[in-house]
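Trainee: Contents of structure21.cif (mmCIF, C-alpha atoms and all ligand atoms) are below:
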```cif
data_input
#
loop_
_atom_site.label_atom_id
_atom_site.label_comp_id
_atom_site.auth_asym_id
_atom_site.auth_seq_id
_atom_site.Cartn_x
_atom_site.Cartn_y
_atom_site.Cartn_z
CA MET A 28 0.00 0.00 0.00
CA TRP A 29 1.23 3.47 -0.77
CA ARG A 30 1.55 5.99 1.99
CA ARG A 31 2.86 9.50 1.60
CA ALA A 32 6.62 9.43 2.12
CA THR A 33 7.64 12.72 3.68
CA SER A 34 7.13 14.17 7.12
CA PHE A 35 4.44 16.67 7.92
CA SER A 36 5.18 20.25 8.64
CA PRO A 37 2.77 22.05 10.95
CA LEU A 38 -0.34 22.65 8.99
CA ILE A 39 -0.16 24.76 5.89
CA SER A 40 -3.61 23.72 4.91
CA SER A 41 -6.32 23.27 7.47
CA PHE A 42 -7.37 19.83 6.35
CA LYS A 43 -4.04 18.08 6.06
CA SER A 44 -4.07 14.94 8.14
CA SER A 45 -1.67 12.37 9.48
CA PHE A 46 -0.79 9.06 7.92
CA PHE A 47 0.31 7.52 11.21
CA SER A 48 -2.31 4.83 10.95
CA GLN A 49 -5.08 3.93 8.60
CA GLU A 50 -7.66 4.07 11.40
CA ALA A 51 -6.55 7.48 12.54
CA SER A 52 -6.74 8.68 9.01
CA GLN A 53 -10.22 7.27 8.49
CA ILE A 54 -11.50 8.82 11.69
CA LYS A 55 -10.17 12.18 10.61
CA ILE A 56 -11.76 11.92 7.20
CA LEU A 57 -15.01 11.00 8.87
CA GLU A 58 -14.68 14.01 11.16
CA MET A 59 -14.07 16.26 8.24
CA PHE A 60 -17.03 15.00 6.27
CA THR A 61 -19.40 14.98 9.19
CA THR A 62 -18.44 18.15 11.05
CA GLY A 63 -16.47 20.18 8.54
CA ILE A 64 -14.08 21.02 11.40
CA PRO A 65 -10.58 21.68 10.13
CA LEU A 66 -8.06 19.05 11.10
CA GLN A 67 -4.89 19.91 12.95
CA GLU A 68 -2.01 17.47 13.08
CA LYS A 69 1.55 17.25 14.21
CA GLY A 70 4.37 16.09 11.97
CA GLY A 71 5.85 12.60 11.70
CA THR A 72 7.08 9.96 9.32
CA CYS A 73 6.02 6.49 8.29
CA PRO A 74 8.44 3.72 7.46
CA ASN A 75 8.10 1.25 4.58
CA ARG A 76 6.31 3.50 2.15
CA ARG A 77 6.98 3.62 -1.51
CA ALA A 78 6.74 6.56 -3.82
CA PRO A 79 3.44 6.69 -5.69
CA PHE A 80 3.43 6.66 -9.48
CA ILE A 81 0.96 9.31 -10.50
CA THR A 82 -0.51 10.02 -13.93
CA PHE A 83 -2.87 12.92 -14.48
CA VAL A 84 -5.25 12.65 -17.42
CA LEU A 85 -6.37 16.00 -18.79
CA GLY A 86 -8.51 17.08 -21.72
CA GLY A 87 -11.81 18.80 -22.38
CA PRO A 88 -15.23 17.18 -21.91
CA GLY A 89 -15.63 14.38 -24.45
CA SER A 90 -11.94 14.24 -25.34
CA GLY A 91 -11.88 10.50 -24.53
CA LYS A 92 -10.24 10.48 -21.09
CA GLY A 93 -12.49 7.80 -19.63
CA THR A 94 -12.25 5.51 -22.67
CA GLN A 95 -8.47 5.67 -22.76
CA CYS A 96 -8.21 5.29 -18.98
CA ALA A 97 -9.97 1.91 -19.21
CA LYS A 98 -7.35 0.75 -21.71
CA ILE A 99 -4.47 2.10 -19.61
CA VAL A 100 -5.79 0.22 -16.58
CA ASP A 101 -6.06 -3.03 -18.57
CA THR A 102 -2.60 -2.70 -20.04
CA PHE A 103 -0.54 -1.17 -17.24
CA GLY A 104 -2.48 -1.99 -14.06
CA LEU A 105 -2.92 1.51 -12.68
CA LYS A 106 -5.70 2.32 -10.25
CA HIS A 107 -8.24 4.54 -12.00
CA LEU A 108 -9.54 7.50 -10.02
CA SER A 109 -11.97 9.65 -11.96
CA ALA A 110 -12.44 12.90 -10.05
CA GLY A 111 -15.81 13.43 -11.73
CA ASP A 112 -17.00 9.93 -10.76
CA LEU A 113 -15.86 10.43 -7.16
CA LEU A 114 -17.81 13.69 -7.03
CA ARG A 115 -20.91 12.03 -8.53
CA LYS A 116 -20.61 9.25 -5.95
CA GLU A 117 -20.45 11.89 -3.24
CA ILE A 118 -23.72 13.38 -4.53
CA ALA A 119 -25.35 9.95 -4.53
CA SER A 120 -24.13 9.20 -1.00
CA ASP A 121 -26.03 12.15 0.51
CA SER A 122 -22.90 13.73 1.98
CA GLU A 123 -23.10 17.25 3.36
CA TYR A 124 -21.37 18.46 0.21
CA GLY A 125 -23.80 16.70 -2.14
CA SER A 126 -25.99 19.63 -3.11
CA MET A 127 -23.05 22.00 -3.49
CA ILE A 128 -21.31 19.48 -5.79
CA LEU A 129 -24.49 18.92 -7.79
CA ASN A 130 -25.00 22.64 -8.36
CA THR A 131 -21.35 23.13 -9.30
CA ILE A 132 -21.41 20.30 -11.83
CA ARG A 133 -24.70 21.54 -13.29
CA GLU A 134 -23.08 24.92 -13.87
CA GLY A 135 -19.95 23.34 -15.37
CA LYS A 136 -17.86 24.99 -12.66
CA ILE A 137 -15.13 23.52 -10.49
CA VAL A 138 -15.78 22.01 -7.07
CA PRO A 139 -13.53 23.47 -4.33
CA SER A 140 -10.15 21.74 -4.15
CA LYS A 141 -10.67 20.96 -0.51
CA VAL A 142 -13.44 18.51 -1.37
CA THR A 143 -11.93 16.94 -4.50
CA VAL A 144 -8.43 16.49 -3.09
CA GLU A 145 -9.86 14.93 0.05
CA LEU A 146 -11.82 12.41 -2.04
CA LEU A 147 -8.71 11.56 -4.05
CA ARG A 148 -6.56 11.34 -0.93
CA ARG A 149 -8.99 8.94 0.71
CA GLU A 150 -8.91 6.65 -2.33
CA MET A 151 -5.16 6.81 -2.67
CA GLU A 152 -4.45 6.09 0.96
CA SER A 153 -6.76 3.12 1.11
CA SER A 154 -5.53 1.56 -2.13
CA ASP A 155 -3.24 -1.45 -2.30
CA ASN A 156 -1.97 -0.09 -5.57
CA TYR A 157 0.71 2.62 -5.68
CA LYS A 158 0.11 3.49 -9.35
CA PHE A 159 -2.67 5.99 -9.87
CA LEU A 160 -4.42 7.22 -12.98
CA ILE A 161 -6.12 10.43 -11.94
CA ASP A 162 -8.70 11.29 -14.57
CA GLY A 163 -10.16 14.79 -15.03
CA PHE A 164 -8.03 16.43 -12.36
CA PRO A 165 -6.44 18.94 -11.70
CA ARG A 166 -8.81 21.29 -13.48
CA SER A 167 -7.26 24.54 -12.32
CA GLU A 168 -3.99 25.86 -10.99
CA GLU A 169 -5.62 26.04 -7.59
CA ASN A 170 -6.57 22.33 -7.84
CA ARG A 171 -3.03 21.50 -8.86
CA ARG A 172 -1.40 23.41 -6.03
CA ALA A 173 -3.76 21.95 -3.46
CA PHE A 174 -3.05 18.40 -4.62
CA GLU A 175 0.71 18.84 -4.71
CA GLU A 176 0.75 20.49 -1.31
CA ILE A 177 -1.54 18.06 0.44
CA MET A 178 -0.29 14.87 -1.16
CA GLU A 179 3.29 16.11 -1.17
CA ALA A 180 3.61 14.56 -4.60
CA GLU A 181 3.81 15.57 -8.24
CA PRO A 182 2.68 13.54 -11.22
CA ASP A 183 5.18 11.42 -13.14
CA ILE A 184 3.16 11.69 -16.34
CA VAL A 185 0.55 14.17 -17.52
CA LEU A 186 -1.50 13.12 -20.53
CA PHE A 187 -3.40 15.75 -22.44
CA PHE A 188 -6.04 14.58 -24.89
CA ASN A 189 -6.15 17.29 -27.48
CA CYS A 190 -9.43 17.39 -29.38
CA PRO A 191 -11.19 20.04 -31.49
CA GLU A 192 -14.08 21.70 -29.69
CA GLU A 193 -16.77 20.72 -32.15
CA GLU A 194 -15.70 17.07 -31.97
CA MET A 195 -15.91 17.20 -28.16
CA VAL A 196 -19.39 18.74 -28.29
CA LYS A 197 -20.55 16.09 -30.74
CA ARG A 198 -19.24 13.25 -28.57
CA VAL A 199 -20.69 14.59 -25.31
CA LEU A 200 -24.13 15.17 -26.81
CA SER A 201 -24.25 11.69 -28.29
CA ARG A 202 -22.96 9.67 -25.34
CA ASN A 203 -26.26 9.26 -23.45
CA GLN A 204 -24.87 8.48 -20.02
CA GLY A 205 -27.68 10.26 -18.26
CA ARG A 206 -25.42 13.00 -16.91
CA ILE A 207 -27.01 16.29 -15.88
CA ASP A 208 -24.11 18.21 -17.44
CA ASP A 209 -24.18 16.57 -20.88
CA ASN A 210 -26.43 19.19 -22.47
CA ILE A 211 -25.45 21.89 -24.90
CA ASP A 212 -25.65 24.79 -22.41
CA THR A 213 -23.52 23.11 -19.76
CA VAL A 214 -21.08 21.74 -22.34
CA ARG A 215 -20.42 25.26 -23.61
CA LYS A 216 -19.79 26.40 -20.03
CA ARG A 217 -17.48 23.43 -19.38
CA LEU A 218 -15.49 24.24 -22.50
CA LYS A 219 -15.08 27.83 -21.37
CA VAL A 220 -13.95 26.73 -17.92
CA PHE A 221 -11.60 24.24 -19.54
CA GLU A 222 -9.94 26.96 -21.59
CA GLU A 223 -9.71 29.49 -18.82
CA LEU A 224 -8.69 27.26 -15.94
CA ASN A 225 -7.41 23.93 -17.26
CA LEU A 226 -5.13 25.21 -20.01
CA PRO A 227 -2.87 26.97 -17.47
CA VAL A 228 -2.37 23.60 -15.75
CA ILE A 229 -1.46 22.05 -19.08
CA LYS A 230 1.02 24.86 -19.72
CA HIS A 231 2.52 24.41 -16.26
CA TYR A 232 3.25 20.74 -16.84
CA ALA A 233 4.55 21.43 -20.34
CA LYS A 234 7.12 23.74 -18.74
CA ARG A 235 8.00 21.03 -16.23
CA GLY A 236 8.61 18.60 -19.11
CA LYS A 237 5.85 16.26 -17.93
CA LEU A 238 3.19 16.88 -20.54
CA HIS A 239 2.41 14.35 -23.25
CA LYS A 240 0.03 15.70 -25.86
CA ILE A 241 -2.12 13.08 -27.51
CA ASN A 242 -4.03 13.63 -30.72
CA ALA A 243 -7.48 12.60 -29.51
CA VAL A 244 -9.06 12.26 -32.95
CA GLY A 245 -9.08 8.79 -34.46
CA THR A 246 -10.12 5.31 -33.46
CA VAL A 247 -9.77 4.21 -29.83
CA ASP A 248 -6.89 1.92 -30.81
CA GLU A 249 -5.09 4.56 -32.82
CA ILE A 250 -5.24 6.93 -29.90
CA PHE A 251 -4.13 4.24 -27.50
CA GLU A 252 -1.03 3.53 -29.58
CA GLN A 253 0.14 7.07 -28.79
CA VAL A 254 -0.67 6.55 -25.11
CA ARG A 255 1.20 3.25 -24.98
CA LEU A 256 4.38 4.97 -26.17
CA VAL A 257 4.17 7.42 -23.29
CA PHE A 258 4.12 4.62 -20.72
CA ALA A 259 6.75 2.48 -22.49
CA PRO A 260 9.79 4.00 -20.73
CA TYR A 261 8.15 3.28 -17.34
CA GLU A 262 7.21 -0.32 -18.09
CA ARG A 263 9.68 -1.81 -15.62
CA ARG A 264 8.48 0.36 -12.75
CA LEU A 265 4.87 -0.31 -13.67
CA LYS A 266 5.40 -4.06 -13.40
CA GLU A 267 6.55 -3.82 -9.78
CA ASN A 268 3.92 -4.67 -7.20
N1 LIG B 1 -15.34 18.33 -11.57
C1 LIG B 1 -14.72 19.17 -10.70
N2 LIG B 1 -13.44 18.89 -10.31
C2 LIG B 1 -12.77 17.81 -10.77
C3 LIG B 1 -13.41 16.93 -11.66
C4 LIG B 1 -14.71 17.24 -12.06
O1 LIG B 1 -15.28 20.16 -10.27
O2 LIG B 1 -11.62 17.62 -10.37
C5 LIG B 1 -16.73 18.61 -11.95
C6 LIG B 1 -16.82 19.73 -12.99
O3 LIG B 1 -18.01 20.45 -12.75
C7 LIG B 1 -16.91 18.95 -14.29
C8 LIG B 1 -17.75 17.76 -13.87
O4 LIG B 1 -17.33 17.48 -12.54
O5 LIG B 1 -17.50 19.70 -15.32
C9 LIG B 1 -17.62 16.52 -14.72
O6 LIG B 1 -16.28 16.10 -14.74
P1 LIG B 1 -15.82 14.81 -15.56
O7 LIG B 1 -14.32 14.76 -15.52
O8 LIG B 1 -16.55 13.64 -15.09
O9 LIG B 1 -16.35 15.12 -17.02
P2 LIG B 1 -15.66 15.36 -18.41
O10 LIG B 1 -15.13 16.73 -18.38
O11 LIG B 1 -14.61 14.35 -18.58
O12 LIG B 1 -16.77 15.16 -19.38
MG MG B 2 -14.80 11.36 -17.62
#
```
Using structure tokens, write down the structure that the file contains.
Ligand code: UDP
Ligand code: MG
Mentor:
Amino acid sequence: MWRRATSFSPLISSFKSSFFSQEASQIKILEMFTTGIPLQEKGGTCPNRRAPFITFVLGGPGSGKGTQCAKIVDTFGLKHLSAGDLLRKEIASDSEYGSMILNTIREGKIVPSKVTVELLRREMESSDNYKFLIDGFPRSEENRRAFEEIMEAEPDIVLFFNCPEEEMVKRVLSRNQGRIDDNIDTVRKRLKVFEELNLPVIKHYAKRGKLHKINAVGTVDEIFEQVRLVFAPYERRLKEN
């Protein structure tokens, strides 16, 4: 199981929590989701933890992130964490954040980092896998900073599925998954948010030399051939358990 490797400094962010034990961590998450009270923790380290292997999957709505993620999981054994799916699950579970998340998604806006990062953190900490495929996140520079600060980790790979806008609109409107945000008005808003807030994240990782731009037009297999090449240099590390 992966646990965060470095020690904790006194809190920078109010909801950072300790990794001393799984139970302690779960109790704190529970506290946070039931009371909303910020968590305060002291620093410490955990032995026997390995560095996580993190891939971020970025791209506009309908750019094929989910489809390609399924193939990456099958081929390379990463644990798939779709930020959007985690948020939708949170709505369905009647959490205190449910209605806020629902309204945000309906408007095509971005849920506060505090909520999304906490959902991702919970999944990552409880996973037996140390290789994560984080789909549809980070969606803004603020998301990115929050993740890197709280998880004390940066991605190894950032995939960007580059797709023309009209193609994305066509795909979203024809996918029939029953999503409240797959309608023309919300799609237009999501595309605007993508350009304004997600493109800066893409630029950031391009500067850091981590961005892999994928041409997202073509058959699923054609697109996956480009993706496979990105993971090829990491194949040895990805085979470790
Ligand atoms: N969302 C968010 N933060 C995230 C991921 C998703 O706020 O980190 C919200 C946002 O409103 C977005 C919606 O969830 O428009 C759907 O996201 P998802 O990634 O499932 O959809 P996609 O953009 O891939 O169609
Ligand atoms: Mg998706």
Trainee: Please determine, counting only C-alpha atoms and all ligand atoms, which residue among A:Ile137, A:Val185, A:Ala173, A:Val199 has the shortest atom-to-atom distance to ligand MG 2 (chain B).
Mentor: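 The answer is A:Val199, which sits nearest to ligand MG 2 (chain B).
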Trainee: Give me, please, the distance in Å between CA of Glu168 (chain A) and CA of Ser90 (chain A), quoted to one decimal.
Mentor: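 Calculated distance between CA of Glu168 (chain A) and CA of Ser90 (chain A) is 20.1 Å.
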Trainee: Please return the centre and edge lengths, in Å to one decimal, of a box with edges along x, y and z that contains all listed atoms of ligand LIG 1 (chain B), widened by 4 Å on every side, as lines of an AutoDock Vina configuration file.
Mentor:
```
center_x = -14.8
center_y = 17.0
center_z = -14.8
size_x = 14.4
size_y = 14.8
size_z = 17.1
```
Trainee: As a PyMOL selection string, please: every protein or nucleic acid residue near ligand LIG 1 (chain B) (cut-off 10 Å, counting all atoms listed in the file).
Mentor: chain A and resi 84-93+109-115+128-140+142-144+146-147+161-167+170-171+195-196+198-199+206-209+213-214+216-218+220-221
Trainee: Of the candidates A:Ser122, A:Gln204, A:Gln253, A:Thr246, which shows the shortest atom-to-atom distance to ligand MG 2 (chain B), using all atoms listed in the file?
Mentor: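 For ligand MG 2 (chain B), the nearest of the given residues is A:Gln204.
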Trainee: I'd like to know which of A:Ile99, A:Ile184, A:Leu105, A:Leu238 is closest to Tyr157 (chain A), using all atoms listed in the file.
Mentor: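 Closest candidate: A:Leu105.
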Trainee: So, counting all atoms listed in the file, which residue among A:Phe188, A:Pro182, A:Asp101, A:Arg263 is closest to ligand MG 2 (chain B)?
Mentor: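 Closest candidate: A:Phe188.
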Trainee: Between A:Asp212, A:Ser201, A:Leu108, A:Cys190, which residue has the minimum interatomic distance to ligand MG 2 (chain B), considering only C-alpha atoms and all ligand atoms?
Mentor: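 Among A:Asp212, A:Ser201, A:Leu108, A:Cys190, it is A:Leu108 that comes nearest to ligand MG 2 (chain B).
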Trainee: Taking into account only C-alpha atoms and all ligand atoms, which residue in the set A:Arg202, A:Asn210, A:Val100, A:Ser154 is nearest to ligand MG 2 (chain B)?
Mentor: A:Arg202
Trainee: Have region 116-127 of chain A completed to all heavy atoms, please, and pass it along as a CSV table (one decimal), keeping the file's coordinate frame.
Mentor:
```
chain,number,residue,atom,x,y,z
A,116,LYS,N,-20.3,10.2,-7.0
A,116,LYS,CA,-20.6,9.2,-6.0
A,116,LYS,C,-20.9,10.0,-4.7
A,116,LYS,O,-21.8,9.6,-3.9
A,116,LYS,CB,-19.4,8.4,-5.7
A,116,LYS,CG,-19.6,6.9,-5.8
A,116,LYS,CD,-18.6,6.0,-5.2
A,116,LYS,CE,-17.4,5.7,-6.2
A,116,LYS,NZ,-16.3,5.1,-5.5
A,117,GLU,N,-20.2,11.1,-4.4
A,117,GLU,CA,-20.4,11.9,-3.2
A,117,GLU,C,-21.9,12.5,-3.2
A,117,GLU,O,-22.5,12.5,-2.2
A,117,GLU,CB,-19.4,13.0,-3.2
A,117,GLU,CG,-19.1,13.6,-1.9
A,117,GLU,CD,-18.6,12.6,-0.8
A,117,GLU,OE1,-18.2,11.5,-1.1
A,117,GLU,OE2,-18.8,13.0,0.3
A,118,ILE,N,-22.3,12.9,-4.4
A,118,ILE,CA,-23.7,13.4,-4.5
A,118,ILE,C,-24.7,12.3,-4.2
A,118,ILE,O,-25.6,12.4,-3.4
A,118,ILE,CB,-24.0,13.9,-6.0
A,118,ILE,CG1,-23.1,15.0,-6.4
A,118,ILE,CG2,-25.5,14.2,-6.1
A,118,ILE,CD1,-23.2,15.4,-7.8
A,119,ALA,N,-24.4,11.1,-4.7
A,119,ALA,CA,-25.4,10.0,-4.5
A,119,ALA,C,-25.3,9.5,-3.1
A,119,ALA,O,-26.3,8.9,-2.6
A,119,ALA,CB,-25.0,8.8,-5.5
A,120,SER,N,-24.2,9.7,-2.4
A,120,SER,CA,-24.1,9.2,-1.0
A,120,SER,C,-24.7,10.1,0.0
A,120,SER,O,-24.6,9.9,1.2
A,120,SER,CB,-22.7,8.9,-0.6
A,120,SER,OG,-22.0,10.2,-0.4
A,121,ASP,N,-25.4,11.2,-0.4
A,121,ASP,CA,-26.0,12.2,0.5
A,121,ASP,C,-25.1,12.8,1.5
A,121,ASP,O,-25.5,13.1,2.6
A,121,ASP,CB,-27.0,11.4,1.4
A,121,ASP,CG,-28.5,11.6,0.9
A,121,ASP,OD1,-28.6,12.4,-0.1
A,121,ASP,OD2,-29.4,11.0,1.4
A,122,SER,N,-23.8,13.1,1.1
A,122,SER,CA,-22.9,13.7,2.0
A,122,SER,C,-23.3,15.2,2.1
A,122,SER,O,-24.1,15.7,1.3
A,122,SER,CB,-21.5,13.6,1.4
A,122,SER,OG,-21.1,14.8,0.7
A,123,GLU,N,-22.7,15.8,3.1
A,123,GLU,CA,-23.1,17.2,3.4
A,123,GLU,C,-22.7,18.1,2.2
A,123,GLU,O,-23.2,19.2,2.0
A,123,GLU,CB,-22.5,17.8,4.6
A,123,GLU,CG,-20.9,17.8,4.6
A,123,GLU,CD,-20.3,18.6,5.7
A,123,GLU,OE1,-20.7,19.7,5.9
A,123,GLU,OE2,-19.4,18.0,6.4
A,124,TYR,N,-21.8,17.7,1.3
A,124,TYR,CA,-21.4,18.5,0.2
A,124,TYR,C,-22.2,18.2,-1.1
A,124,TYR,O,-22.0,18.8,-2.1
A,124,TYR,CB,-19.9,18.2,-0.1
A,124,TYR,CG,-19.0,18.7,1.0
A,124,TYR,CD1,-18.2,17.8,1.7
A,124,TYR,CD2,-18.9,20.0,1.4
A,124,TYR,CE1,-17.4,18.2,2.8
A,124,TYR,CE2,-18.1,20.4,2.4
A,124,TYR,CZ,-17.3,19.5,3.1
A,124,TYR,OH,-16.5,20.0,4.1
A,125,GLY,N,-23.1,17.2,-1.0
A,125,GLY,CA,-23.8,16.7,-2.1
A,125,GLY,C,-24.5,17.8,-3.0
A,125,GLY,O,-24.3,17.9,-4.2
A,126,SER,N,-25.2,18.7,-2.3
A,126,SER,CA,-26.0,19.6,-3.1
A,126,SER,C,-25.1,20.7,-3.7
A,126,SER,O,-25.3,21.1,-4.8
A,126,SER,CB,-27.1,20.3,-2.3
A,126,SER,OG,-26.6,20.9,-1.2
A,127,MET,N,-24.0,21.0,-2.9
A,127,MET,CA,-23.0,22.0,-3.5
A,127,MET,C,-22.4,21.4,-4.7
A,127,MET,O,-22.2,22.1,-5.8
A,127,MET,CB,-22.0,22.3,-2.4
A,127,MET,CG,-20.9,23.3,-2.8
A,127,MET,SD,-19.5,22.5,-3.6
A,127,MET,CE,-18.8,21.6,-2.3
```
